Every structure is written in structure tokens, then in C-alpha cells.
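Source file: protein-v8.txt. Holds: compact mmCIF, C-alpha atoms.
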# COMPACT_ATOMS: atom_id res chain seq x y z
CA MET A 402 -85.74 -24.41 4.58
CA ASN A 403 -85.74 -24.47 0.78
CA ASP A 404 -81.98 -24.39 0.30
CA THR A 405 -80.91 -26.30 -2.79
CA PHE A 406 -77.77 -26.48 -4.88
CA GLU A 407 -77.17 -27.17 -8.54
CA LEU A 408 -74.75 -29.76 -9.85
CA ALA A 409 -74.22 -30.50 -13.53
CA GLY A 410 -77.51 -28.86 -14.42
CA LYS A 411 -79.61 -30.69 -11.83
CA THR A 412 -80.98 -29.34 -8.55
CA TYR A 413 -80.57 -31.23 -5.27
CA SER A 414 -82.02 -30.71 -1.81
CA SER A 415 -79.56 -32.87 0.13
CA ARG A 416 -75.99 -31.63 0.46
CA LEU A 417 -74.80 -34.96 1.83
CA LEU A 418 -73.36 -37.40 -0.70
CA VAL A 419 -72.59 -40.94 0.44
CA GLY A 420 -70.66 -43.99 -0.70
CA THR A 421 -71.60 -47.64 -0.79
CA GLY A 422 -68.47 -49.49 0.36
CA LYS A 423 -67.56 -51.26 3.62
CA TYR A 424 -71.08 -52.13 4.76
CA LYS A 425 -71.70 -55.66 6.05
CA ASP A 426 -74.37 -56.38 3.44
CA LEU A 427 -76.71 -54.75 0.93
CA ALA A 428 -79.50 -54.46 3.50
CA GLU A 429 -77.34 -52.30 5.75
CA THR A 430 -76.21 -50.30 2.73
CA LYS A 431 -79.81 -49.56 1.80
CA ALA A 432 -80.85 -48.64 5.35
CA ALA A 433 -77.90 -46.28 5.87
CA ILE A 434 -78.38 -44.50 2.55
CA GLU A 435 -82.07 -44.00 3.27
CA ALA A 436 -81.29 -42.63 6.75
CA SER A 437 -78.75 -40.20 5.29
CA GLY A 438 -81.30 -38.57 3.02
CA ALA A 439 -78.67 -38.49 0.27
CA GLU A 440 -79.77 -38.04 -3.32
CA ILE A 441 -76.34 -38.66 -4.87
CA VAL A 442 -74.67 -42.00 -4.20
CA THR A 443 -71.15 -42.81 -5.35
CA VAL A 444 -70.17 -46.28 -6.55
CA ALA A 445 -66.67 -47.72 -6.97
CA ILE A 446 -66.88 -49.34 -10.40
CA ARG A 447 -63.74 -51.46 -9.88
CA ARG A 448 -65.06 -52.90 -6.63
CA THR A 449 -68.85 -53.01 -6.90
CA ASN A 450 -71.21 -55.00 -9.10
CA ILE A 451 -73.66 -52.80 -10.96
CA GLY A 452 -74.40 -55.34 -13.66
CA GLN A 453 -70.98 -56.34 -14.95
CA ASN A 454 -71.25 -59.61 -12.95
CA PRO A 455 -74.73 -60.96 -13.80
CA ASN A 456 -74.51 -63.93 -11.40
CA GLU A 457 -73.87 -61.76 -8.32
CA PRO A 458 -76.18 -59.43 -6.34
CA SER A 459 -76.23 -55.98 -7.91
CA LEU A 460 -75.98 -52.75 -5.95
CA LEU A 461 -78.66 -51.34 -8.25
CA GLU A 462 -81.17 -53.50 -6.40
CA VAL A 463 -80.88 -51.22 -3.34
CA ILE A 464 -80.00 -47.90 -5.00
CA PRO A 465 -82.17 -47.80 -8.13
CA PRO A 466 -81.10 -45.14 -10.68
CA GLU A 467 -84.67 -43.83 -10.89
CA LYS A 468 -84.45 -42.81 -7.22
CA TYR A 469 -80.82 -41.75 -6.85
CA THR A 470 -78.22 -40.01 -8.97
CA LEU A 471 -75.49 -42.60 -9.30
CA LEU A 472 -71.96 -41.24 -9.20
CA PRO A 473 -69.50 -43.83 -10.56
CA ASN A 474 -66.02 -43.26 -9.18
CA THR A 475 -62.53 -44.39 -10.09
CA ALA A 476 -61.45 -45.54 -6.61
CA GLY A 477 -58.48 -47.89 -6.85
CA CYS A 478 -56.97 -46.20 -9.92
CA PHE A 479 -53.36 -45.06 -9.70
CA ASP A 480 -52.85 -43.66 -13.20
CA ALA A 481 -54.80 -41.61 -15.70
CA GLU A 482 -55.20 -44.44 -18.21
CA SER A 483 -56.96 -46.81 -15.79
CA ALA A 484 -59.18 -43.99 -14.51
CA VAL A 485 -60.28 -43.14 -18.04
CA ARG A 486 -61.04 -46.79 -18.83
CA THR A 487 -63.05 -47.12 -15.62
CA CYS A 488 -65.22 -44.12 -16.49
CA GLN A 489 -65.81 -45.44 -19.98
CA LEU A 490 -66.91 -48.79 -18.50
CA ALA A 491 -69.31 -46.98 -16.17
CA ARG A 492 -70.82 -45.12 -19.10
CA GLU A 493 -71.43 -48.41 -20.91
CA LEU A 494 -72.97 -50.09 -17.85
CA LEU A 495 -75.22 -47.14 -17.04
CA ASP A 496 -76.57 -46.41 -20.52
CA GLY A 497 -74.53 -43.35 -21.39
CA HIS A 498 -74.25 -41.86 -17.89
CA SER A 499 -71.68 -39.03 -18.05
CA LEU A 500 -71.43 -37.70 -14.47
CA VAL A 501 -68.46 -39.33 -12.70
CA LYS A 502 -66.23 -38.77 -9.71
CA LEU A 503 -62.60 -38.81 -10.79
CA GLU A 504 -59.92 -39.82 -8.34
CA VAL A 505 -56.40 -40.91 -9.23
CA LEU A 506 -54.40 -41.96 -6.18
CA GLY A 507 -50.71 -41.46 -5.54
CA ASP A 508 -49.80 -44.40 -3.33
CA VAL A 509 -51.38 -47.30 -1.49
CA GLU A 510 -50.32 -46.18 1.99
CA THR A 511 -51.83 -42.69 2.11
CA LEU A 512 -54.26 -42.74 -0.85
CA TYR A 513 -53.24 -39.12 -1.40
CA PRO A 514 -54.29 -37.86 -4.83
CA ASN A 515 -51.80 -37.88 -7.68
CA VAL A 516 -52.60 -34.44 -8.99
CA LEU A 517 -50.58 -34.71 -12.21
CA GLU A 518 -52.32 -37.93 -13.26
CA THR A 519 -55.68 -36.50 -12.18
CA LEU A 520 -55.17 -33.45 -14.39
CA LYS A 521 -54.28 -35.70 -17.32
CA ALA A 522 -57.33 -37.92 -16.82
CA ALA A 523 -59.66 -34.96 -16.34
CA ARG A 524 -58.62 -33.40 -19.64
CA THR A 525 -59.13 -36.67 -21.54
CA LEU A 526 -62.52 -37.33 -19.96
CA ILE A 527 -63.84 -33.80 -20.46
CA ASP A 528 -62.85 -33.98 -24.12
CA ASP A 529 -64.78 -37.27 -24.28
CA GLY A 530 -67.98 -35.66 -23.00
CA PHE A 531 -67.85 -36.61 -19.32
CA GLN A 532 -68.99 -34.33 -16.49
CA ILE A 533 -66.23 -34.52 -13.91
CA MET A 534 -66.46 -34.13 -10.16
CA VAL A 535 -62.79 -34.23 -9.23
CA TYR A 536 -61.19 -35.42 -5.98
CA THR A 537 -58.01 -33.47 -5.34
CA SER A 538 -55.67 -32.00 -2.74
CA ASP A 539 -56.56 -28.85 -0.80
CA ASP A 540 -54.33 -26.70 -3.03
CA PRO A 541 -56.32 -23.61 -4.12
CA ILE A 542 -54.22 -23.15 -7.29
CA ILE A 543 -54.86 -26.71 -8.48
CA ALA A 544 -58.53 -26.42 -7.55
CA LYS A 545 -58.88 -23.37 -9.81
CA GLU A 546 -57.08 -25.23 -12.60
CA PHE A 547 -59.69 -28.00 -12.45
CA GLU A 548 -62.51 -25.46 -12.60
CA ASP A 549 -60.93 -23.65 -15.54
CA MET A 550 -60.57 -26.86 -17.55
CA GLY A 551 -64.29 -27.58 -17.15
CA CYS A 552 -64.84 -29.82 -14.11
CA VAL A 553 -68.40 -29.47 -12.80
CA ALA A 554 -67.36 -29.74 -9.14
CA VAL A 555 -64.12 -29.71 -7.18
CA MET A 556 -63.76 -32.00 -4.15
CA PRO A 557 -60.74 -31.21 -1.96
CA LEU A 558 -59.84 -33.67 0.77
CA GLY A 559 -60.54 -32.75 4.38
CA SER A 560 -57.82 -35.22 5.39
CA LEU A 561 -56.62 -38.58 4.13
CA ILE A 562 -59.20 -41.09 2.86
CA GLY A 563 -60.52 -43.23 5.70
CA SER A 564 -58.50 -41.38 8.36
CA GLY A 565 -61.42 -39.82 10.23
CA MET A 566 -59.16 -36.86 11.07
CA GLY A 567 -61.70 -34.25 10.04
CA ILE A 568 -60.85 -30.93 8.34
CA VAL A 569 -57.12 -30.52 9.01
CA ASN A 570 -56.64 -27.38 6.89
CA PRO A 571 -59.81 -25.30 7.06
CA TYR A 572 -58.07 -22.19 5.74
CA ASN A 573 -57.28 -23.80 2.38
CA ILE A 574 -60.80 -25.22 2.10
CA ARG A 575 -62.25 -21.76 2.71
CA MET A 576 -59.86 -20.23 0.17
CA ILE A 577 -60.90 -22.78 -2.46
CA LYS A 578 -64.56 -22.03 -1.85
CA GLU A 579 -63.99 -18.28 -2.11
CA ARG A 580 -62.10 -18.58 -5.40
CA LEU A 581 -64.27 -21.05 -7.29
CA THR A 582 -67.73 -20.70 -8.81
CA VAL A 583 -68.46 -24.41 -9.34
CA PRO A 584 -69.65 -26.43 -6.32
CA VAL A 585 -66.97 -27.26 -3.76
CA LEU A 586 -67.55 -30.41 -1.71
CA VAL A 587 -65.29 -31.79 0.99
CA ASP A 588 -64.37 -35.37 0.15
CA ALA A 589 -62.44 -37.71 2.47
CA GLY A 590 -61.42 -37.51 6.11
CA VAL A 591 -64.75 -36.87 7.82
CA GLY A 592 -64.96 -38.98 10.98
CA THR A 593 -68.01 -37.79 12.87
CA ALA A 594 -70.91 -35.37 12.69
CA SER A 595 -68.98 -32.35 13.95
CA ASP A 596 -66.51 -32.71 11.06
CA ALA A 597 -69.36 -32.53 8.57
CA ALA A 598 -70.75 -29.46 10.31
CA VAL A 599 -67.35 -27.73 10.16
CA ALA A 600 -67.11 -28.38 6.42
CA MET A 601 -70.50 -26.80 5.86
CA GLU A 602 -69.75 -23.86 8.17
CA LEU A 603 -66.77 -23.08 5.93
CA GLY A 604 -69.25 -22.49 3.12
CA CYS A 605 -68.82 -25.75 1.22
CA ASP A 606 -71.70 -26.79 -1.01
CA GLY A 607 -71.72 -30.33 0.32
CA VAL A 608 -69.83 -33.22 1.87
CA LEU A 609 -69.13 -36.68 0.50
CA MET A 610 -68.40 -39.52 2.91
CA ASN A 611 -68.36 -43.27 3.15
CA THR A 612 -66.15 -44.71 5.91
CA ALA A 613 -67.44 -42.32 8.57
CA ILE A 614 -70.87 -43.92 8.20
CA ALA A 615 -70.03 -47.48 7.16
CA ALA A 616 -67.34 -47.99 9.82
CA ALA A 617 -69.43 -46.61 12.70
CA LYS A 618 -70.71 -49.04 15.32
CA ASP A 619 -74.24 -48.20 14.16
CA PRO A 620 -74.00 -47.09 10.53
CA VAL A 621 -77.70 -46.32 10.17
CA LEU A 622 -77.73 -44.09 13.24
CA MET A 623 -74.52 -42.37 12.11
CA ALA A 624 -76.06 -41.74 8.70
CA SER A 625 -78.94 -39.97 10.43
CA ALA A 626 -76.48 -37.94 12.51
CA MET A 627 -74.56 -36.89 9.40
CA LYS A 628 -77.76 -35.74 7.72
CA LYS A 629 -78.52 -33.46 10.66
CA ALA A 630 -74.92 -32.23 10.91
CA VAL A 631 -74.80 -31.17 7.28
CA GLN A 632 -78.10 -29.34 7.66
CA ALA A 633 -76.97 -27.64 10.89
CA GLY A 634 -73.63 -26.60 9.43
CA ARG A 635 -75.30 -25.15 6.37
CA GLU A 636 -77.81 -23.18 8.45
CA ALA A 637 -75.02 -21.86 10.67
CA TYR A 638 -73.11 -20.69 7.61
CA LEU A 639 -76.16 -18.92 6.21
CA ALA A 640 -76.97 -17.38 9.59
CA GLY A 641 -73.48 -15.89 9.95
CA ARG A 642 -71.63 -16.56 13.16
CA MET A 643 -70.91 -13.88 15.74
CA PRO A 644 -67.45 -12.25 15.65
CA GLN A 645 -64.78 -14.06 17.63
CA ARG A 646 -63.28 -11.99 20.44
CA ILE A 647 -60.25 -12.98 22.47
CA TYR A 648 -60.39 -10.40 25.26
CA THR A 649 -63.47 -8.22 24.86
CA ALA A 650 -66.34 -9.65 26.86
CA SER A 651 -69.86 -9.04 25.62
CA PRO A 652 -72.66 -9.97 28.05
CA SER A 653 -75.52 -11.94 26.61
CA SER A 654 -77.99 -10.07 28.84
CA PRO A 655 -78.52 -6.27 28.81
CA ASP A 656 -76.98 -4.31 31.67
CA GLU A 657 -79.39 -1.37 31.53
CA GLY A 658 -82.29 -1.08 33.92
CA ILE A 659 -80.80 -3.46 36.47
CA PHE A 660 -81.34 -3.07 40.24
CA PHE A 661 -77.72 -2.81 41.31
CA ASP A 662 -74.80 -0.67 40.34
CA LYS A 663 -71.99 -1.81 38.10
CA PRO A 664 -68.82 -2.73 39.96
CA ALA A 665 -66.35 0.07 40.27
CA SER A 666 -63.44 -0.09 37.82
Translate this file's structure into C-alpha cells.
Amino acid sequence: MNDTFELAGKTYSSRLLVGTGKYKDLAETKAAIEASGAEIVTVAIRRTNIGQNPNEPSLLEVIPPEKYTLLPNTAGCFDAESAVRTCQLARELLDGHSLVKLEVLGDVETLYPNVLETLKAARTLIDDGFQIMVYTSDDPIIAKEFEDMGCVAVMPLGSLIGSGMGIVNPYNIRMIKERLTVPVLVDAGVGTASDAAVAMELGCDGVLMNTAIAAAKDPVLMASAMKKAVQAGREAYLAGRMPQRIYTASPSSPDEGIFFDKPAS
């Protein structure tokens, strides 16, 4: 099925975006990313070597920029100032790269987004020429605010980062998707393949995940499962599910032309 989506002026076939943290080594990282079929790979600049430490192995050895769209992120930032500096460092390291994932966290325990600091950072970065994919809460009003200020994608959480709790508020996610015109991608909280499928069945343009794959017993196999789940969820959304009925039964086989009478009512 030729079903693509556009992000920041570029067309992608895979709607699964993956991270690079928590794998046991670079070999496993490479194998899992290849199994996922992802074309966009996010990198935590504050935690990953992409050239700033020349004497250490570089992640770019296994995810070359000519093959993948690298998405530097501001994971580990708890205020707008540090997030802005991190994005500027990424731009220097990646030869002017402007597409970044912005996340500004509220506290260490929950890693819930600090929306006020995220708004502040987003405005500064957009004015500086960055293309912002923004991680935020599942608040539809805030999501629209990010779109209106010029973010190229809005990424509401499904549940807390690393929780594996899945989509805890599907109604807000659906509302965000219905109200926005930029791509909406669920970010954070996916635990298994069915969670990814649910996100796509809600109409989301994609799903970003890291821990769900990297923390699985078999990360490479889970990456393959997530690839299939995202595809299945997307196809189910496009197909249009049957109406849900609580009491009215509807037989799957026709009842005309049968050899016995219907039971008396």
C-alpha cells in the first residue's frame, strides 16, 4: 500500500519513528532499527555521541545520515534555556540540521512535560530557524497552540515516558488529531504492539518509541512486531471499523435462504 506522510517538507513511507537509547550495544541498536523499518531515528544529544566525543564510538556509524533522517532531541532538559542550547549544539554537530524533537521535562520522577517551558523554548527555536517536532501533554488546547506558533509536528504522550502503559486517554489523542492539520504522532508510553496499533487506529500519523523496543527481551523481534502493528493500525483506520453495538446483534452470515425456520419470538 502506497500510504506515505509528509513531515517538514519530506515524504516518508514508514510511520514508525524509533529512538536509540537503552540498547546493550551499537550492534543491537543497528539490528533493531533495521528490523523496525524506521526512516526517522531520534537521538538524545545530551546522552549520545554523534561526534562531540571523537575518542568514543559514534552512533553515526550505525545510523548514517545518508540513510536515515536524524532527529536530535532534548531529552534530559528541564528548562527552556538548556533545551535551546542542546538544539543549537545539534545543529553545529550535524552541519546545519534544523529538524529537532523538543522536549522539556517537568520533574525527574514522572518525566511529564513542562508545558510552559516547552512553549518558551519552541518560540525561541522557531524564531532561530528550527523545525520543531514538539513533545507535549495530551491537552488539545496546548496542542493547537504549538501548531499555531509554527511547530511542524505535535507529539502528545500516550502515557508517561518509559511506563509502557499504552494510550491512557484515547479521547484526547483523537481530539488533537481532529483539530490539527500538522502531523500528530504519539510519543511515550507505548509498551507493546497492540498499543502502537491503537495509536494508529485513532488516526495518528505515526508513533515514536524507544523503551518498548529496547527494553523488550528480544529487541530486534519487538522492533519487527512494532513495524507490523503500525502498519496494521494504519490500515484498520483507513478501512473504517464497523459500528460498535452494545445490544443489537448482527449475524455475520445471511439468514435468507436457510433450510430451517427462524425461532419464534
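Going from CA of Val516 in chain A to CA of Asn611 in chain A covers 21.8 Å.
Residues in contact with range 556-573 of chain A at up to 6 Å, not including ones fewer than 2 positions away on its chain and judged by all atoms listed in the file, are Val535, Tyr536, Thr537, Ser538, Asp539, Arg575, Met576, Val585, Leu586, Val587, Asp588, Ala589, Gly590, Val591, Gly592, Asp596 and Thr612 of chain A.
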Requested write-out: C-alpha atoms of the selected residues, as a PDB file, keeping the file's coordinate frame:
ATOM      1  CA  VAL A 535     -62.790 -34.230  -9.230  1.00  0.00           C
ATOM      2  CA  TYR A 536     -61.190 -35.420  -5.980  1.00  0.00           C
ATOM      3  CA  THR A 537     -58.010 -33.470  -5.340  1.00  0.00           C
ATOM      4  CA  SER A 538     -55.670 -32.000  -2.740  1.00  0.00           C
ATOM      5  CA  ASP A 539     -56.560 -28.850  -0.800  1.00  0.00           C
ATOM      6  CA  ARG A 575     -62.250 -21.760   2.710  1.00  0.00           C
ATOM      7  CA  MET A 576     -59.860 -20.230   0.170  1.00  0.00           C
ATOM      8  CA  VAL A 585     -66.970 -27.260  -3.760  1.00  0.00           C
ATOM      9  CA  LEU A 586     -67.550 -30.410  -1.710  1.00  0.00           C
ATOM     10  CA  VAL A 587     -65.290 -31.790   0.990  1.00  0.00           C
ATOM     11  CA  ASP A 588     -64.370 -35.370   0.150  1.00  0.00           C
ATOM     12  CA  ALA A 589     -62.440 -37.710   2.470  1.00  0.00           C
ATOM     13  CA  GLY A 590     -61.420 -37.510   6.110  1.00  0.00           C
ATOM     14  CA  VAL A 591     -64.750 -36.870   7.820  1.00  0.00           C
ATOM     15  CA  GLY A 592     -64.960 -38.980  10.980  1.00  0.00           C
ATOM     16  CA  ASP A 596     -66.510 -32.710  11.060  1.00  0.00           C
ATOM     17  CA  THR A 612     -66.150 -44.710   5.910  1.00  0.00           C
TER      18      THR A 612
END
CA of Leu471 in chain A to CA of Phe406 in chain A, straight-line distance in Å: 16.9 Å
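Residue nearest Val485 in chain A, chosen from A:Ala523, A:Leu512, A:Leu472, A:Ala554 and counting only C-alpha atoms: A:Ala523.
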Nearest-residue call for Ser499 in chain A, choices A:Thr519, A:Ile527, A:Arg486, A:Lys628, using all atoms listed in the file: A:Ile527
CA of Cys552 in chain A to CA of Met534 in chain A, distance in Å rounded to a single decimal: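 We find that CA of Cys552 in chain A and CA of Met534 in chain A lie 6.1 Å from each other.
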Pick from A:Ala484, A:Val444, A:Leu581, A:Ala522, whichever lies nearest to Glu548 in chain A using only C-alpha atoms: A:Leu581
Spatial neighbours of Leu490 in chain A, max dist 12 Å, all atoms listed in the file, sep filter under 3 positions, as a PyMOL selection string: chain A and resi 445-447+451-453+473-475+483-487+493-499+501
Top pick for closest residue to Glu407 in chain A, considering A:Thr511, A:Gln645, A:Thr582, A:Ser595 and counting only C-alpha atoms: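 Nearest candidate to Glu407 in chain A out of A:Thr511, A:Gln645, A:Thr582, A:Ser595: A:Thr582.
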Nearest to Ser437 in chain A, chosen from A:Leu408, A:Met623, A:Ile464, A:Ala491, with only C-alpha atoms counted in the distances: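 Among A:Leu408, A:Met623, A:Ile464, A:Ala491, it is A:Met623 that comes nearest to Ser437 in chain A.
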For Val583 in chain A, the nearest of the candidates A:Ala432, A:Leu520, A:Val419, A:Met550, counting all atoms listed in the file: A:Met550
8 Å contact set for Met627 in chain A, all atoms listed in the file, chain neighbours under 4 positions out, as a PyMOL selection string: chain A and resi 417+437+593-594+597+623+631
Keeping C-alpha atoms, export the residues of the selection given above as a tab-separated table (two decimals), in the frame of the given file.
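That gives us out-v3.tsv:
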chain	number	residue	atom	x	y	z
A	417	LEU	CA	-74.80	-34.96	1.83
A	437	SER	CA	-78.75	-40.20	5.29
A	593	THR	CA	-68.01	-37.79	12.87
A	594	ALA	CA	-70.91	-35.37	12.69
A	597	ALA	CA	-69.36	-32.53	8.57
A	623	MET	CA	-74.52	-42.37	12.11
A	631	VAL	CA	-74.80	-31.17	7.28
(-79.1, -41.8, 10.5) in this file's frame - what residues fall within 9 Å of it? Use all atoms listed in the file and give the answer as a PDB file with C-alpha atoms, keeping the file's coordinate frame.
ATOM      1  CA  ALA A 432     -80.850 -48.640   5.350  1.00  0.00           C
ATOM      2  CA  ALA A 433     -77.900 -46.280   5.870  1.00  0.00           C
ATOM      3  CA  ILE A 434     -78.380 -44.500   2.550  1.00  0.00           C
ATOM      4  CA  GLU A 435     -82.070 -44.000   3.270  1.00  0.00           C
ATOM      5  CA  ALA A 436     -81.290 -42.630   6.750  1.00  0.00           C
ATOM      6  CA  SER A 437     -78.750 -40.200   5.290  1.00  0.00           C
ATOM      7  CA  GLY A 438     -81.300 -38.570   3.020  1.00  0.00           C
ATOM      8  CA  ILE A 614     -70.870 -43.920   8.200  1.00  0.00           C
ATOM      9  CA  ASP A 619     -74.240 -48.200  14.160  1.00  0.00           C
ATOM     10  CA  PRO A 620     -74.000 -47.090  10.530  1.00  0.00           C
ATOM     11  CA  VAL A 621     -77.700 -46.320  10.170  1.00  0.00           C
ATOM     12  CA  LEU A 622     -77.730 -44.090  13.240  1.00  0.00           C
ATOM     13  CA  MET A 623     -74.520 -42.370  12.110  1.00  0.00           C
ATOM     14  CA  ALA A 624     -76.060 -41.740   8.700  1.00  0.00           C
ATOM     15  CA  SER A 625     -78.940 -39.970  10.430  1.00  0.00           C
ATOM     16  CA  ALA A 626     -76.480 -37.940  12.510  1.00  0.00           C
ATOM     17  CA  MET A 627     -74.560 -36.890   9.400  1.00  0.00           C
ATOM     18  CA  LYS A 628     -77.760 -35.740   7.720  1.00  0.00           C
ATOM     19  CA  LYS A 629     -78.520 -33.460  10.660  1.00  0.00           C
TER      20      LYS A 629
END
